[in-house]
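The structure appears below as structure tokens.
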Amino acid sequence: MALEVESADVIRLIMQYLKENNLYRTLTTLQEETTVSLNTVESIDSFIADINRGHWDSVLLAIENLKLPDNTLIDLYEQVVLELIEMREVGAARSLIRQTDPMIMLKQTQPERFTHLESLLMRSYFDPREAYLKGSSKEKRRRAIAQALVREVSVVPPSRLMGLLEQVSTLRIQQDPGHMSPDMTIDISESKITERRAEESFPTQLYRHIKFGQRSHVECARFSPDGKYLITGSVDGFIEVWNFTTGKISKDLKYQAQDSFMMMDDAVLCMCFSQDTELLATGAQNGKIKVWKIQSGLCLRRFERAHSKGVTCLSFSKDSSQILSASFDQTIRIHELRSGKTLKELSGHSSFVNDASFTEDDSYIISASSDGTVKIWNAKASECIHTLKSPSSTADIPVNNVIPLPQNPAHFVVCNHSNTVVIMNMQGQTVKTFNSGRKEGGHFVCCTLSPRGEWIYCVGEDLVLYCFKFATGKLEKTLTVHEKDVIGIVHHPQENLIATYSEDGLLRLWKP
């Protein structure tokens with residue numbers, strides 16, 4: 001059986017694959033060398049909705065590699081400038097006017113229209129009657145731009161190239177079953193091949209390291225939920241996205257390829273992702289929080305006075321509409337992303353709040369504090385309903401982490417500044433206990449879990465990683481991970497890969 005495909009369609013399939021995997025430089029080169037353009041968006045409805053709501057960062061990112069008529073681009077950029085002026089984002093508006101190709105083209109081809117735009121920029125007020133022609137308005141202009149752009153774009157099903165390759169592989173395996181890998185299963189009804197889940201295993205060796213230097217050491221790190229990136233926040237305020245396979249800055253992100261980075265104006269102490277990986281929230285030593293679009297590097301929201309002291313941890317709600325934060329100021333707060341307002345404050349801890357997160361259904365909040373307690377709060381009522389203390393604590397020993405178990409979210413891991421980590425339930429009962437066996441010098445400073453909760457990893461003051469197997473409760477492996485005090489540990493969401501970071505200026509990646 002022969003299959004004929006136009007060469008341009010093959011190129012477009014490859015382009016779509018490059019776009020989906022954020023390989024924009026390769027995509028641009030391929031478009032330039034082949035003169036084939038890929039005018040696709042993920043969803044026409046979402047694209048139109050973003051335009052009509054004025055979500056211009058998303059729109060500009062979506063059209064970044066599209067071939068569009070000059071007049072359509074001019075209309076789009078002019079509208080973005082007008083709305084930036086209306087919001088008094090004068091600096092951003094000025095940058096667009098002076099540095100973008102559509103605006104430079106407008107100046108050359110329609111100087112009067114360009115001069116009108118510049119005059120609006122120079123004024124201390126914004127009057128829609130002056131900005132828009134008679135009978136027009138912001139909403140009407142948005143709709144007209146949406147209609148013009150939609151005529152130029154189409155939608156391709158996601159992972160189309162990989163889907164076709166998988167179908168070809170499936171057909172070949174059906175014709176010759178003897179060539180199936182022992183680690184593969186085949187689902188003929190869905191025409192797809194899937195690999196069995198890798199067994200979770202503890203690390204035994206150093207895989208790679210990233211050197212920051214002691215003056216710019218990492219204070220926090222997270223793998224993105226989709227497993228693509230490792231993001232670090234440093235004591236010097238830089239937020240960097242890494243390709244953890246190479247140990248290099250990820251140049252697939254256009255802003256980083258141009259040596260532009262997300263940044264806070266104080267040490268970055270914590271960060272968290274939205275579940276869809278699109279948003280990153282970062283908290284700083286000065287009590288500020290910023291929310292970023294990872295793909296564009298744009299700051300979507302600033303909470304300038306989120307806390308009066310350093311932000312110690314952050315957590316998105318399930319629908320990403322709210323952000324939970326905790327702080328050295330002994331409070332927990334809930335902020336609304338859309339309005340930029342702080343909605344609630346939860347007070348009750350008598351020392352630093354070191355960890356806090358929503359439960360799986362957002363109904364409750366669990367927090368851990370240096371006052372030696374774990375508190376469970378009713379998220380809606382903002383009331384503490386339980387105050388728990390680890391049975392291993394004889395004094396107010398600081399609690400470093402409280403982490404819900406993936407296999408049973410009603411249970412959670414409590415890691416305090418001792419040689420013991422415990423599993424507790426919502427009623428405060430101890431379900432399981434894990435002990436390092438060290439009498440002195442091995443108190444735990446941080447903790448993380450494997451994706452399915454089969455392993456609990458704790459790092460001690462002795463710079464040793466303790467690997468506990470959940471099922472047996474046994475300590476299976478110890479590993480010295482750094483030469484100076486360890487600040488944190490984080491696990492990849494799918495792979496057997498752990499990152500540790502320390503005051504020695506190194507981030508180290510460990511694997512089995």
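Each chain of the structure tokens is named A, B, ... in the order shown, its residues numbered from 1; ligands are numbered from 1 in display order.
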Using only C-alpha atoms, find each residue of range 369-414 of chain A with at least one atom at most 10 Å away from an atom of range 418-438 of chain A; report its shortest atom-to-atom pair and that distance in Å (one decimal), sort the rows by chain and rising residue number, and return the result as a Markdown table.
```
| residue | atom | partner | partner_atom | distance |
| --- | --- | --- | --- | --- |
| A:Val374 | CA | A:Gly428 | CA | 9.0 |
| A:Lys375 | CA | A:Gly428 | CA | 9.6 |
| A:Ile376 | CA | A:Met426 | CA | 7.6 |
| A:Ile385 | CA | A:Gln427 | CA | 9.9 |
| A:His386 | CA | A:Gln427 | CA | 7.5 |
| A:Thr387 | CA | A:Gly428 | CA | 8.0 |
| A:Leu388 | CA | A:Gly428 | CA | 5.5 |
| A:Lys389 | CA | A:Gly428 | CA | 7.5 |
| A:Ser390 | CA | A:Val422 | CA | 7.5 |
| A:Pro391 | CA | A:Thr430 | CA | 7.6 |
| A:Ser392 | CA | A:Thr420 | CA | 7.1 |
| A:Ser393 | CA | A:Ser418 | CA | 8.1 |
| A:Ile397 | CA | A:Ser418 | CA | 7.5 |
| A:Pro398 | CA | A:Ser418 | CA | 8.7 |
| A:Val399 | CA | A:Ser418 | CA | 9.0 |
| A:Asn400 | CA | A:Ser418 | CA | 9.9 |
| A:Asn401 | CA | A:Val421 | CA | 9.8 |
| A:Val402 | CA | A:Ile423 | CA | 9.5 |
| A:Ile403 | CA | A:Ile423 | CA | 9.4 |
| A:Pro404 | CA | A:Ile423 | CA | 9.2 |
| A:Leu405 | CA | A:Ile423 | CA | 8.6 |
| A:Asn408 | CA | A:Asn425 | CA | 9.7 |
| A:Pro409 | CA | A:Asn425 | CA | 9.1 |
| A:Ala410 | CA | A:Asn425 | CA | 6.0 |
| A:His411 | CA | A:Asn425 | CA | 4.4 |
| A:Phe412 | CA | A:Ile423 | CA | 5.5 |
| A:Val413 | CA | A:Ile423 | CA | 4.6 |
| A:Val414 | CA | A:Val422 | CA | 5.3 |
```
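Distance annotation: of A:Thr478, A:Arg452, A:Leu337, A:Lys469, the residue with the minimal separation from Glu495 in chain A is A:Arg452; atom set is only C-alpha atoms.
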Excluding same-chain residues fewer than 6 positions from Ile231 in chain A, what lies within 12 Å of it counting only C-alpha atoms, as a PyMOL selection string? chain A and resi 210+218-225+238-244+247-250+261-262+268+270-273+277+280-282+294+490+492+499+507
Could those residues be written to a file, using N, CA and C atoms, as a short mmCIF file (atom, residue, chain, number, x, y, z; two decimals), in the first residue's frame?
```
data_model
loop_
_atom_site.label_atom_id
_atom_site.label_comp_id
_atom_site.auth_asym_id
_atom_site.auth_seq_id
_atom_site.Cartn_x
_atom_site.Cartn_y
_atom_site.Cartn_z
N ILE A 210 24.80 21.73 38.18
CA ILE A 210 24.76 23.10 37.64
C ILE A 210 25.41 24.01 38.68
N VAL A 218 21.15 28.76 44.70
CA VAL A 218 19.72 28.51 44.53
C VAL A 218 19.04 28.47 45.89
N GLU A 219 17.92 29.18 46.00
CA GLU A 219 17.11 29.16 47.22
C GLU A 219 15.88 28.28 47.06
N CYS A 220 15.44 28.08 45.80
CA CYS A 220 14.29 27.21 45.57
C CYS A 220 14.37 26.67 44.14
N ALA A 221 13.74 25.52 43.92
CA ALA A 221 13.74 24.90 42.60
C ALA A 221 12.50 24.03 42.45
N ARG A 222 12.02 23.91 41.22
CA ARG A 222 10.87 23.05 40.92
C ARG A 222 11.01 22.49 39.51
N PHE A 223 10.60 21.24 39.33
CA PHE A 223 10.38 20.71 37.99
C PHE A 223 8.98 21.12 37.56
N SER A 224 8.81 21.43 36.27
CA SER A 224 7.47 21.76 35.78
C SER A 224 6.61 20.50 35.80
N PRO A 225 5.30 20.63 36.03
CA PRO A 225 4.42 19.46 36.11
C PRO A 225 4.44 18.57 34.88
N PHE A 238 17.33 36.08 40.39
CA PHE A 238 17.10 35.51 39.06
C PHE A 238 16.23 34.26 39.13
N ILE A 239 15.34 34.14 38.13
CA ILE A 239 14.52 32.94 37.95
C ILE A 239 14.90 32.37 36.59
N GLU A 240 15.45 31.16 36.58
CA GLU A 240 16.00 30.61 35.34
C GLU A 240 15.37 29.26 35.02
N VAL A 241 15.13 29.03 33.74
CA VAL A 241 14.54 27.78 33.26
C VAL A 241 15.65 26.97 32.60
N TRP A 242 15.81 25.72 33.06
CA TRP A 242 16.93 24.88 32.63
C TRP A 242 16.47 23.66 31.85
N ASN A 243 17.32 23.27 30.91
CA ASN A 243 17.22 21.95 30.29
C ASN A 243 18.04 21.02 31.18
N PHE A 244 17.37 20.23 32.01
CA PHE A 244 18.11 19.44 33.00
C PHE A 244 18.86 18.28 32.37
N GLY A 247 21.96 20.35 31.41
CA GLY A 247 22.49 21.20 32.47
C GLY A 247 22.71 22.63 32.02
N LYS A 248 22.08 23.01 30.89
CA LYS A 248 22.24 24.36 30.32
C LYS A 248 20.92 25.13 30.42
N ILE A 249 21.03 26.45 30.36
CA ILE A 249 19.84 27.31 30.28
C ILE A 249 19.03 26.89 29.05
N SER A 250 17.70 26.82 29.20
CA SER A 250 16.84 26.40 28.10
C SER A 250 16.69 27.54 27.10
N PHE A 261 15.66 37.39 31.37
CA PHE A 261 15.22 36.42 32.36
C PHE A 261 14.13 37.00 33.25
N MET A 262 13.31 36.12 33.79
CA MET A 262 12.37 36.51 34.84
C MET A 262 13.20 36.88 36.07
N VAL A 268 14.80 34.99 45.76
CA VAL A 268 13.61 34.20 45.45
C VAL A 268 13.59 33.00 46.39
N CYS A 270 10.74 30.93 47.11
CA CYS A 270 9.81 29.82 46.83
C CYS A 270 9.16 30.02 45.47
N MET A 271 8.60 28.94 44.94
CA MET A 271 7.89 29.01 43.66
C MET A 271 6.92 27.84 43.56
N CYS A 272 5.95 27.98 42.67
CA CYS A 272 5.03 26.87 42.40
C CYS A 272 4.44 27.04 41.00
N PHE A 273 4.00 25.94 40.44
CA PHE A 273 3.39 25.92 39.10
C PHE A 273 1.89 25.73 39.20
N THR A 277 1.02 23.86 33.87
CA THR A 277 2.41 24.28 33.61
C THR A 277 2.50 25.67 32.99
N LEU A 280 3.74 30.32 36.53
CA LEU A 280 4.71 30.13 37.60
C LEU A 280 4.56 31.28 38.58
N ALA A 281 4.37 30.97 39.85
CA ALA A 281 4.32 32.00 40.89
C ALA A 281 5.63 31.95 41.67
N THR A 282 6.20 33.10 41.98
CA THR A 282 7.46 33.18 42.73
C THR A 282 7.30 34.15 43.90
N ILE A 294 5.25 31.17 31.70
CA ILE A 294 6.53 30.52 31.45
C ILE A 294 6.97 30.65 29.99
N VAL A 490 14.01 18.38 45.46
CA VAL A 490 12.80 18.31 44.65
C VAL A 490 12.89 17.11 43.71
N HIS A 492 11.53 14.95 40.21
CA HIS A 492 10.90 15.06 38.90
C HIS A 492 9.51 14.41 38.93
N ALA A 499 16.68 16.55 42.35
CA ALA A 499 17.59 17.70 42.38
C ALA A 499 17.76 18.14 43.83
N LEU A 507 23.71 23.02 42.25
CA LEU A 507 22.49 22.21 42.16
C LEU A 507 22.92 20.89 41.55
#
```
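Using only C-alpha atoms, the smallest distance between any of A:Gln330, A:Ser382, A:Ser502, A:Ser320 and Ser216 in chain A comes from A:Ser502.
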Counting only C-alpha atoms, figure out which residue out of A:Ser367, A:Arg302, A:Thr373, A:Ala284 gets nearest to Arg338 in chain A. A:Arg302
Quick check, in Å to one decimal: how far apart do CA of Val445 in chain A and CA of Cys458 in chain A lie? 7.5 Å
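Taking CA of Ile334 in chain A as the reference point, CA of Asp236 in chain A is found at 26.4 Å.
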